[in-house]
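Okay, my_file_28.cif is below, mmCIF, C-alpha atoms:
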```cif
data_model
#
loop_
_atom_site.label_atom_id
_atom_site.label_comp_id
_atom_site.auth_asym_id
_atom_site.auth_seq_id
_atom_site.Cartn_x
_atom_site.Cartn_y
_atom_site.Cartn_z
CA MET A 481 -16.15 15.03 -16.81
CA ASN A 482 -18.46 15.92 -13.97
CA PHE A 483 -16.60 15.72 -10.66
CA THR A 484 -19.70 16.64 -8.64
CA GLN A 485 -21.81 13.88 -10.16
CA GLY A 486 -18.83 11.59 -9.75
CA GLU A 487 -15.65 10.46 -11.47
CA ILE A 488 -13.04 7.77 -10.74
CA ILE A 489 -9.41 8.87 -11.08
CA TYR A 490 -6.36 6.60 -11.09
CA ILE A 491 -3.20 8.09 -9.57
CA ASN A 492 0.33 6.70 -9.31
CA LYS A 493 1.03 7.71 -5.70
CA PRO A 494 4.58 9.01 -5.24
CA TYR A 495 7.11 7.79 -2.68
CA ARG A 496 6.89 9.49 0.73
CA MET A 497 3.46 11.00 0.10
CA SER A 498 0.60 9.69 2.24
CA SER A 499 -2.60 8.51 0.57
CA PHE A 500 -4.44 11.39 2.26
CA GLY A 501 -1.78 13.80 1.02
CA ALA A 502 -2.33 12.57 -2.55
CA LEU A 503 -6.10 12.89 -2.11
CA ALA A 504 -5.75 16.43 -0.70
CA TYR A 505 -3.50 17.46 -3.60
CA VAL A 506 -6.05 16.27 -6.15
CA ARG A 507 -9.05 17.65 -4.25
CA THR A 508 -7.52 21.15 -3.98
CA ARG A 509 -6.90 21.34 -7.73
CA ILE A 510 -10.27 19.92 -8.76
CA SER A 511 -12.11 22.20 -6.32
CA LYS A 512 -10.32 25.26 -7.71
CA LYS A 513 -10.92 24.13 -11.29
CA ILE A 514 -14.70 23.77 -10.88
CA GLY A 515 -15.07 26.71 -8.48
CA VAL A 516 -16.31 24.92 -5.38
CA LYS A 517 -14.96 25.16 -1.86
CA ARG A 518 -14.36 21.43 -1.34
CA VAL A 519 -15.29 18.71 -3.80
CA LYS A 520 -16.33 15.41 -2.20
CA ILE A 521 -13.58 12.82 -2.69
CA GLY A 522 -12.33 9.59 -1.11
CA HIS A 523 -9.80 6.85 -1.87
CA ALA A 524 -10.33 3.11 -2.26
CA GLY A 525 -7.52 1.57 -0.21
CA THR A 526 -4.67 3.23 1.68
CA LEU A 527 -1.06 3.00 0.51
CA ASP A 528 1.76 3.49 3.02
CA PRO A 529 3.79 6.70 2.57
CA LEU A 530 6.86 4.65 1.57
CA ALA A 531 4.85 2.71 -1.04
CA THR A 532 4.12 3.82 -4.58
CA GLY A 533 1.55 2.76 -7.13
CA VAL A 534 -2.12 2.56 -7.99
CA LEU A 535 -4.34 4.77 -5.83
CA ILE A 536 -7.99 4.98 -6.85
CA LEU A 537 -9.80 8.25 -6.05
CA CYS A 538 -13.57 8.63 -6.28
CA THR A 539 -15.34 12.00 -6.43
CA GLY A 540 -18.94 13.06 -5.87
CA LYS A 541 -21.52 10.28 -6.04
CA LYS A 542 -18.86 7.79 -7.14
CA THR A 543 -17.63 7.73 -3.51
CA LYS A 544 -20.46 5.20 -3.00
CA GLU A 545 -18.36 2.75 -5.02
CA ILE A 546 -15.35 2.90 -2.66
CA GLU A 547 -16.40 -0.11 -0.58
CA ARG A 548 -16.87 -2.25 -3.69
CA LEU A 549 -13.52 -1.16 -5.14
CA GLN A 550 -11.72 -2.02 -1.89
CA TYR A 551 -12.63 -5.68 -2.41
CA ASP A 552 -10.86 -5.84 -5.78
CA THR A 553 -7.79 -8.07 -5.99
CA LYS A 554 -4.51 -6.19 -5.64
CA GLU A 555 -1.06 -6.91 -7.01
CA TYR A 556 2.23 -5.69 -5.54
CA THR A 557 5.94 -5.89 -6.17
CA ALA A 558 8.14 -5.66 -3.09
CA THR A 559 11.79 -5.96 -2.06
CA LEU A 560 12.68 -7.53 1.29
CA GLN A 561 15.93 -6.98 3.14
CA LEU A 562 16.62 -10.20 5.01
CA GLY A 563 18.51 -10.44 8.29
CA ALA A 564 17.00 -7.47 10.12
CA THR A 565 13.73 -5.97 11.35
CA THR A 566 12.36 -2.50 12.01
CA PRO A 567 9.40 -1.51 14.25
CA SER A 568 7.30 -0.56 11.21
CA TYR A 569 8.50 -3.49 9.04
CA ASP A 570 9.74 -0.98 6.44
CA MET A 571 12.29 1.86 6.22
CA GLU A 572 10.16 4.38 8.13
CA HIS A 573 12.09 3.31 11.24
CA GLU A 574 15.70 2.30 11.89
CA VAL A 575 16.74 -1.35 12.23
CA ASP A 576 16.05 -2.58 15.78
CA GLU A 577 17.19 -6.23 15.53
CA THR A 578 19.58 -8.20 13.32
CA TYR A 579 19.50 -11.94 12.58
CA PRO A 580 21.64 -14.62 10.90
CA VAL A 581 21.40 -14.86 7.10
CA GLU A 582 24.20 -17.27 6.21
CA HIS A 583 21.74 -20.16 5.86
CA ILE A 584 19.37 -18.31 3.51
CA THR A 585 19.59 -19.33 -0.14
CA ARG A 586 17.34 -18.71 -3.14
CA GLU A 587 16.19 -22.32 -2.85
CA LEU A 588 15.20 -21.85 0.80
CA VAL A 589 13.18 -18.74 -0.03
CA GLU A 590 11.42 -20.53 -2.90
CA GLN A 591 10.61 -23.47 -0.60
CA THR A 592 9.28 -21.13 2.12
CA LEU A 593 6.96 -18.84 0.14
CA PRO A 594 4.22 -21.40 -0.72
CA GLN A 595 3.20 -21.68 2.96
CA PHE A 596 1.80 -18.14 2.71
CA ILE A 597 -0.47 -18.84 -0.28
CA GLY A 598 -4.20 -19.22 0.41
CA GLU A 599 -6.23 -18.12 3.43
CA ILE A 600 -3.78 -17.21 6.20
CA GLN A 601 -3.90 -15.46 9.57
CA GLN A 602 -1.98 -12.20 9.63
CA VAL A 603 -1.28 -9.70 12.44
CA PRO A 604 -1.34 -6.12 11.06
CA PRO A 605 1.67 -3.86 11.72
CA GLN A 606 1.54 -1.82 14.91
CA TYR A 607 2.37 1.20 12.77
CA SER A 608 -0.79 0.94 10.66
CA ALA A 609 -4.14 2.65 10.18
CA VAL A 610 -6.01 -0.12 12.02
CA LYS A 611 -8.37 1.44 14.56
CA ILE A 612 -8.23 0.60 18.28
CA GLY A 613 -10.92 2.28 20.35
CA GLY A 614 -11.41 4.95 17.70
CA LYS A 615 -7.69 5.75 17.41
CA ARG A 616 -5.30 4.66 14.64
CA ALA A 617 -2.71 2.13 15.80
CA TYR A 618 0.17 4.26 14.47
CA GLN A 619 -1.11 7.28 16.47
CA LEU A 620 -1.06 5.24 19.67
CA LYS A 621 2.44 3.88 18.93
CA ARG A 622 3.83 7.33 18.18
CA ARG A 623 2.67 8.66 21.52
CA GLY A 624 4.31 5.70 23.28
CA ASP A 625 1.28 3.50 24.01
CA GLU A 626 1.42 -0.29 23.89
CA VAL A 627 -0.52 -1.63 20.92
CA GLU A 628 -1.83 -5.19 20.67
CA LEU A 629 -3.41 -6.24 17.40
CA LYS A 630 -5.11 -9.56 16.76
CA ALA A 631 -4.51 -11.79 13.78
CA LYS A 632 -7.13 -11.62 11.05
CA PRO A 633 -7.78 -13.77 7.98
CA VAL A 634 -6.37 -12.53 4.67
CA ARG A 635 -6.10 -14.14 1.25
CA ILE A 636 -2.94 -14.47 -0.84
CA ASP A 637 -3.57 -15.83 -4.34
CA GLU A 638 -0.05 -15.71 -5.76
CA LEU A 639 3.38 -15.25 -4.19
CA GLN A 640 6.41 -15.45 -6.44
CA LEU A 641 10.12 -14.82 -5.94
CA THR A 642 11.19 -12.62 -8.88
CA SER A 643 14.85 -12.11 -7.93
CA PHE A 644 17.31 -12.91 -5.15
CA ASP A 645 20.57 -11.07 -4.42
CA GLU A 646 22.77 -13.63 -2.68
CA GLU A 647 25.36 -11.03 -1.61
CA LYS A 648 22.94 -8.42 -0.21
CA LYS A 649 20.42 -11.04 0.96
CA GLN A 650 17.58 -9.15 -0.71
CA ALA A 651 14.53 -10.91 -2.11
CA SER A 652 12.10 -9.34 -4.58
CA ILE A 653 8.58 -10.78 -4.71
CA ARG A 654 5.32 -10.39 -6.60
CA VAL A 655 2.14 -10.71 -4.54
CA VAL A 656 -1.49 -11.04 -5.66
CA CYS A 657 -3.81 -10.74 -2.68
CA GLY A 658 -7.22 -9.78 -1.32
CA LYS A 659 -8.52 -6.93 0.81
CA GLY A 660 -6.75 -6.07 4.06
CA THR A 661 -3.43 -7.81 3.33
CA TYR A 662 -0.39 -5.97 4.70
CA ILE A 663 2.71 -6.63 2.60
CA ARG A 664 4.81 -5.27 5.50
CA SER A 665 3.40 -7.99 7.76
CA LEU A 666 4.00 -10.56 5.03
CA ALA A 667 7.66 -9.46 4.91
CA ARG A 668 7.94 -9.85 8.69
CA ASP A 669 6.38 -13.32 8.56
CA ILE A 670 8.56 -14.47 5.65
CA GLY A 671 11.63 -13.38 7.63
CA GLU A 672 10.50 -15.40 10.65
CA ALA A 673 9.72 -18.44 8.49
CA LEU A 674 13.26 -18.25 7.10
CA GLY A 675 14.67 -18.35 10.64
CA SER A 676 15.76 -14.73 10.35
CA GLY A 677 14.13 -11.30 10.02
CA ALA A 678 12.97 -9.13 7.14
CA TYR A 679 11.65 -5.67 6.36
CA LEU A 680 10.52 -3.89 3.19
CA THR A 681 12.90 -1.64 1.28
CA ALA A 682 10.50 -1.07 -1.64
CA LEU A 683 6.78 -1.57 -2.27
CA CYS A 684 4.67 -0.78 -5.32
CA ARG A 685 0.97 -1.54 -5.89
CA THR A 686 0.97 -2.42 -9.56
CA ARG A 687 -2.70 -3.36 -9.98
CA VAL A 688 -6.13 -2.95 -8.36
CA GLY A 689 -8.77 -5.07 -10.08
CA GLU A 690 -8.21 -4.39 -13.79
CA VAL A 691 -6.49 -1.03 -13.18
CA THR A 692 -2.71 -1.06 -13.69
CA LEU A 693 0.06 1.52 -13.44
CA ALA A 694 -0.36 2.14 -17.18
CA ASP A 695 -3.84 3.55 -16.45
CA CYS A 696 -2.61 5.97 -13.78
CA VAL A 697 -1.85 9.69 -13.94
CA GLU A 698 1.54 10.65 -12.50
CA MET A 699 1.09 13.12 -9.64
CA ASN A 700 3.38 15.70 -11.26
CA ASP A 701 1.31 15.45 -14.43
CA PHE A 702 -2.07 15.82 -12.71
CA PRO A 703 -2.48 19.62 -13.22
CA THR A 704 -1.77 19.22 -16.96
CA TRP A 705 -4.08 16.20 -17.16
CA LEU A 706 -6.83 18.19 -15.44
CA ASP A 707 -6.42 21.08 -17.87
CA GLN A 708 -6.89 18.68 -20.77
CA GLN A 709 -10.25 17.34 -19.58
CA GLU A 710 -13.65 18.56 -20.77
CA ILE A 711 -15.24 19.49 -17.45
CA GLU A 712 -18.84 20.31 -16.61
CA ILE A 713 -18.91 23.21 -14.15
CA PRO A 714 -21.69 22.90 -11.54
#
```
Could you render the structure from this file as structure tokens?
Amino acid sequence: MNFTQGEIIYINKPYRMSSFGALAYVRTRISKKIGVKRVKIGHAGTLDPLATGVLILCTGKKTKEIERLQYDTKEYTATLQLGATTPSYDMEHEVDETYPVEHITRELVEQTLPQFIGEIQQVPPQYSAVKIGGKRAYQLKRRGDEVELKAKPVRIDELQLTSFDEEKKQASIRVVCGKGTYIRSLARDIGEALGSGAYLTALCRTRVGEVTLADCVEMNDFPTWLDQQEIEIP
């Protein structure tokens, strides 16, 4: 492997680690391994800290492929808690509103999901990396500023209910979608469409293009994986 010329690495990003944190972890160890101060590296598509799954890292000249990789179709599994919302649409924040759930059945969820398949308009979460005037939306929110984001077109190819817990009112879904789709926003919108609220309790990116979790290195295993590679030292 030649990390300076460029390599593509597939990581299974752990829960509660930011995408940048995962990138920094890998960069530090590669840089030390090949004896450079700071190897060039970037990632092809941010994952929220509370999400896990496929994170593609590109080093050296392969960073030129990041834009192309970001357009690959992505697949997610997610669990929605119905009947409540949080400011971030996931468990990063406490519940701020509760809603009725007595009317929600598996059948209602299955009837509701198809309206989100195809080209739809979606408002990104206020706690997101979307830039407003050069600042990230989540940075503005955390300092107390009002954030107004406009709806943008996104594409959802498949949306399937995989399980429904009638007692807990939790729905698990599988989503296949295009670039820029926020599964947190999808959860919010599904909750509204059900005449209730919803937020994510779990999110995993299971595929990017042809890359699946089976192709990924676990973060804890990365140092061992790196030691096992034949590496060209610049």
Residues selected by the PyMOL selection byres ((chain A and resi 540) around 10), written as a ChimeraX atom specification: /A:482-488,519-522,538-539,541-544
Taking a cut-off of 6 Å and counting all atoms listed in the file, can you build a table that, for each residue of region 522-577 of chain A near region 492-510 of chain A, reports the nearest atom pair and how far apart they are in Å (one decimal), sorted by chain then residue number, as a Markdown table?
```
| residue | atom | partner | partner_atom | distance |
| --- | --- | --- | --- | --- |
| A:Thr526 | CA | A:Ser499 | CA | 5.8 |
| A:Leu527 | CA | A:Ser499 | CA | 5.7 |
| A:Pro529 | CA | A:Ser498 | CA | 4.4 |
| A:Leu530 | CA | A:Arg496 | CA | 4.9 |
| A:Ala531 | CA | A:Tyr495 | CA | 5.8 |
| A:Thr532 | CA | A:Lys493 | CA | 5.1 |
| A:Gly533 | CA | A:Asn492 | CA | 4.7 |
| A:Val534 | CA | A:Asn492 | CA | 5.0 |
```
In Å and to one decimal, CA of His523 (chain A) is distant from CA of Ile489 (chain A) by 9.4 Å
Using the chain letters and numbers from the file, give me the residues hit by the PyMOL selection byres ((chain A and resi 602) around 6), as a PyMOL selection string.
-> chain A and resi 601+603+631-632
Once you have the residues from the selection above, write them out as an mmCIF file, in the coordinates of the input, restricted to C-alpha atoms.
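The file below, out15.cif, is the result:
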```cif
data_model
loop_
_atom_site.group_PDB
_atom_site.id
_atom_site.type_symbol
_atom_site.label_atom_id
_atom_site.label_comp_id
_atom_site.auth_asym_id
_atom_site.auth_seq_id
_atom_site.Cartn_x
_atom_site.Cartn_y
_atom_site.Cartn_z
ATOM 1 C CA GLN A 601 -3.900 -15.460 9.570
ATOM 2 C CA VAL A 603 -1.280 -9.700 12.440
ATOM 3 C CA ALA A 631 -4.510 -11.790 13.780
ATOM 4 C CA LYS A 632 -7.130 -11.620 11.050
#
```
Between A:Phe644, A:Trp705, A:Tyr662, A:Tyr679, smallest distance to Tyr556 (chain A) by all atoms listed in the file belongs to A:Tyr662
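Take CA of Thr692 (chain A) and CA of Ala651 (chain A): the distance between them is 23.0 Å.
Proximity of A:Leu560, A:Ile536, A:Leu666, A:Val655 to Ile600 (chain A), computed with only C-alpha atoms, is greatest for A:Leu666.
Separating CA of Thr559 (chain A) from CA of Glu574 (chain A) is a distance of 16.7 Å.
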12 Å contact set for Ala673 (chain A), only C-alpha atoms, chain neighbours under 6 positions out, as a CSV table (one decimal) with C-alpha atoms, keeping the file's coordinate frame:
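As written to disk, selection14.csv reads:
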```
chain,number,residue,atom,x,y,z
A,562,LEU,CA,16.6,-10.2,5.0
A,563,GLY,CA,18.5,-10.4,8.3
A,584,ILE,CA,19.4,-18.3,3.5
A,588,LEU,CA,15.2,-21.8,0.8
A,589,VAL,CA,13.2,-18.7,0.0
A,590,GLU,CA,11.4,-20.5,-2.9
A,591,GLN,CA,10.6,-23.5,-0.6
A,592,THR,CA,9.3,-21.1,2.1
A,593,LEU,CA,7.0,-18.8,0.1
A,594,PRO,CA,4.2,-21.4,-0.7
A,595,GLN,CA,3.2,-21.7,3.0
A,596,PHE,CA,1.8,-18.1,2.7
A,666,LEU,CA,4.0,-10.6,5.0
A,667,ALA,CA,7.7,-9.5,4.9
```
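Contact shell of Leu629 (chain A) at 9 Å (only C-alpha atoms; same-chain neighbours under 3 positions omitted): Val603, Pro604, Pro605, Gln606, Val610, Ile612 and Ala617 of chain A.
This file, filtered with the PyMOL selection byres ((chain A and resi 567) around 10), gives the residues A:Thr565, A:Thr566, A:Ser568, A:Tyr569, A:Asp570, A:Met571, A:Glu572, A:His573, A:Glu574, A:Val575, A:Asp576, A:Glu577, A:Pro605, A:Gln606, A:Tyr607, A:Lys621, A:Tyr679.
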Taking all listed atoms of region 648-659 of chain A, build the axis-aligned box, pad each of the six sides by 4 Å, then write its centre and edge lengths in Å to one decimal as lines of an AutoDock Vina configuration file.
```
center_x = 7.2
center_y = -9.0
center_z = -2.8
size_x = 39.5
size_y = 12.1
size_z = 15.6
```
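With all atoms listed in the file as the atoms that count, the residue of A:Lys630, A:Arg622, A:Arg685, A:Arg586 with the shortest distance to Thr642 (chain A) is A:Arg586.
The residue that comes closest to Ser643 (chain A), out of A:Gly689, A:Glu587, A:Leu535, A:Asp695 and on the basis of all atoms listed in the file, is A:Glu587.
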